[in-house]
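Read the structure below first, then the notes.
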Amino acid sequence: MIPARTQEVLRRAVEGGDLPGAALGVVDAGGERETLVLGHAALEPGPVPLDEDFFWDLASLTKPLFTAREVLRGVEAGVLDLDDPLPAHLPDLAWMQDTELKTRTLRQLLTHTAGLPAWAPLYTWGEAETVQARLLQEPWPLSAPGEVVYSDLGYLLLGRVLERVRGQPLRGFPLDPGLTFTPNPERTAATEHCPWRGRVLRGETHDENAWALGGVAGHAGLFGTLAGVLGQAESL
């Protein structure tokens, strides 16, 4: 199932030092799977061999594998409607401000057509409570609705919507097998030596904004094993 050429390229990259390690999997419509695991999960302070059941930082896959699905589950449960404007669930959004953001809908946030900027350095704003409050009050510059701008900010707001309607933090939401917000660092592949945090990151989200919000947000923070991600792909 995994093309021989793909396997060869990955092996050369790992053996040549271009990648410390790699995990690749393919699942077909019938549920048949093939996986390939190579190299190391970490190199510092010493090499750690990579196993197939190690967790990986899924980064922006948090958006489709968790946040978007939870919004759709909310629609199925009748607590959300995709055409709800944001203030229906975030009444304190842009408090005492005249902004078009109040007219933008959950559907627009899901599809990156709400006109929000792509990103902002929320992690420089202070403690998690300050970041959460300012996220809702920042006078975001908006482009015209309908224009596609891939936006972390939109999914950050969707995360806040989910927390409000479900009455619990994202960290408390149930997850499918092979997915977690709190992986064991010793069973997690490293991402990098972070110059801002001054350490090799294993078992904590690489995304600075998600880290500033306690490690979990609507746009990033999810970890998964190879089997866990293949399970999500199979269910699509």
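Convention: chains lettered A, B, ... in structure tokens order; per-chain residue numbering from 1; ligands numbered from 1 as shown.
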
TODO: Go through segment 3-232 of chain A and collect every residue that DSSP, computed from the backbone, puts in alpha helix (DSSP H); the answer should be as a PyMOL selection string.
DONE: chain A and resi 4-15+62+68-77+106-110+128-137+152-166+208-212+226-232

Open item on the list: as a ChimeraX atom specification, please: every residue in chain A that a backbone DSSP assignment puts in strand (DSSP E or B).
Closed with: /A:21-27,33-42,48-49,55-57,85,105,179-180,188,193-194,199-200,223-225

Open item on the list: Please list as a ChimeraX atom specification every residue within 10 Å of Glu147 of chain A, counting only C-alpha atoms and excluding residues in the same chain fewer than 3 positions away.
Closed with: /A:108,111-116,143-144,150

Resulting file, chosen residues, N, CA and C atoms, as an mmCIF file, in the first residue's frame:
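Contents of the output file part-v6.cif:
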```
data_model
loop_
_atom_site.group_PDB
_atom_site.id
_atom_site.type_symbol
_atom_site.label_atom_id
_atom_site.label_comp_id
_atom_site.auth_asym_id
_atom_site.auth_seq_id
_atom_site.Cartn_x
_atom_site.Cartn_y
_atom_site.Cartn_z
ATOM 1 N N GLN A 108 -18.760 30.450 8.966
ATOM 2 C CA GLN A 108 -17.670 31.225 8.387
ATOM 3 C C GLN A 108 -16.345 30.950 9.104
ATOM 4 N N THR A 111 -15.005 27.526 7.960
ATOM 5 C CA THR A 111 -14.522 27.493 6.575
ATOM 6 C C THR A 111 -13.481 28.567 6.285
ATOM 7 N N HIS A 112 -13.003 29.243 7.320
ATOM 8 C CA HIS A 112 -11.953 30.269 7.177
ATOM 9 C C HIS A 112 -12.396 31.401 6.242
ATOM 10 N N THR A 113 -13.678 31.747 6.307
ATOM 11 C CA THR A 113 -14.202 32.826 5.459
ATOM 12 C C THR A 113 -14.799 33.960 6.291
ATOM 13 N N ALA A 114 -14.405 34.058 7.562
ATOM 14 C CA ALA A 114 -14.949 35.101 8.434
ATOM 15 C C ALA A 114 -14.195 36.424 8.299
ATOM 16 N N GLY A 115 -13.089 36.416 7.570
ATOM 17 C CA GLY A 115 -12.335 37.656 7.381
ATOM 18 C C GLY A 115 -11.323 37.953 8.465
ATOM 19 N N LEU A 116 -11.099 37.019 9.369
ATOM 20 C CA LEU A 116 -10.131 37.231 10.445
ATOM 21 C C LEU A 116 -8.704 37.069 9.936
ATOM 22 N N SER A 143 -11.247 41.347 6.844
ATOM 23 C CA SER A 143 -11.462 41.466 5.411
ATOM 24 C C SER A 143 -12.916 41.109 5.117
ATOM 25 N N ALA A 144 -13.318 41.243 3.859
ATOM 26 C CA ALA A 144 -14.705 40.982 3.500
ATOM 27 C C ALA A 144 -15.043 39.517 3.738
ATOM 28 N N TYR A 150 -6.871 31.382 5.757
ATOM 29 C CA TYR A 150 -6.668 30.335 6.757
ATOM 30 C C TYR A 150 -6.314 30.989 8.090
#
```

- [ ] Please measure the separation of atom CA of Leu213 of chain A and atom CA of Trp196 of chain A, giving the value in Å to one decimal.
- [x] 15.7 Å

TODO: Determine, counting only C-alpha atoms, which protein, DNA and RNA residues have an atom within 10 Å of an atom of Glu34 of chain A; residues of the same chain fewer than 6 positions away are not included. Present the result as a list in words.
DONE: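 Everything that qualifies: Met1, Ile2, Leu24, Gly25, Val26, Val27, Asp28 and Leu230 of chain A.
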
Create the file for the chosen residues now, containing N, CA, C and O atoms and written as a tab-separated table (two decimals), in the first residue's frame.
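Printed below is again_21.tsv as written:
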```
chain	number	residue	atom	x	y	z
A	1	MET	N	0.82	-1.21	0.00
A	1	MET	CA	0.00	0.00	0.00
A	1	MET	C	0.86	1.27	0.00
A	1	MET	O	0.55	2.24	-0.67
A	2	ILE	N	1.93	1.26	0.81
A	2	ILE	CA	2.84	2.40	0.79
A	2	ILE	C	3.79	2.22	-0.38
A	2	ILE	O	4.52	1.22	-0.44
A	24	LEU	N	4.80	6.76	9.04
A	24	LEU	CA	3.88	6.92	7.91
A	24	LEU	C	2.88	5.78	7.94
A	24	LEU	O	3.23	4.62	8.22
A	25	GLY	N	1.64	6.09	7.65
A	25	GLY	CA	0.62	5.06	7.60
A	25	GLY	C	-0.37	5.31	6.48
A	25	GLY	O	-0.60	6.46	6.08
A	26	VAL	N	-0.93	4.24	5.96
A	26	VAL	CA	-1.95	4.30	4.92
A	26	VAL	C	-3.08	3.38	5.32
A	26	VAL	O	-2.85	2.26	5.80
A	27	VAL	N	-4.31	3.82	5.14
A	27	VAL	CA	-5.48	2.99	5.40
A	27	VAL	C	-6.41	3.11	4.19
A	27	VAL	O	-6.58	4.21	3.63
A	28	ASP	N	-6.96	1.98	3.75
A	28	ASP	CA	-7.85	2.03	2.60
A	28	ASP	C	-9.31	1.96	3.05
A	28	ASP	O	-9.60	1.86	4.24
A	230	LEU	N	-4.78	7.25	11.87
A	230	LEU	CA	-5.34	6.40	10.82
A	230	LEU	C	-6.80	6.07	11.13
A	230	LEU	O	-7.63	5.97	10.21
```

Open item on the list: Taking 4 positions as the minimum chain separation for residues in the same chain, which residues sit within 12 Å of segment 36-52 of chain A when counting only C-alpha atoms? Answer as JSON, numbers by chain.
Closed with: {"A": [1, 2, 3, 4, 6, 7, 8, 9, 10, 11, 12, 13, 14, 15, 16, 17, 18, 19, 20, 21, 22, 23, 24, 25, 26, 56, 57, 178, 185, 186, 187, 188, 189, 190, 191, 192, 193, 199, 200, 201, 202, 203, 224, 225, 226, 227, 228, 229]}
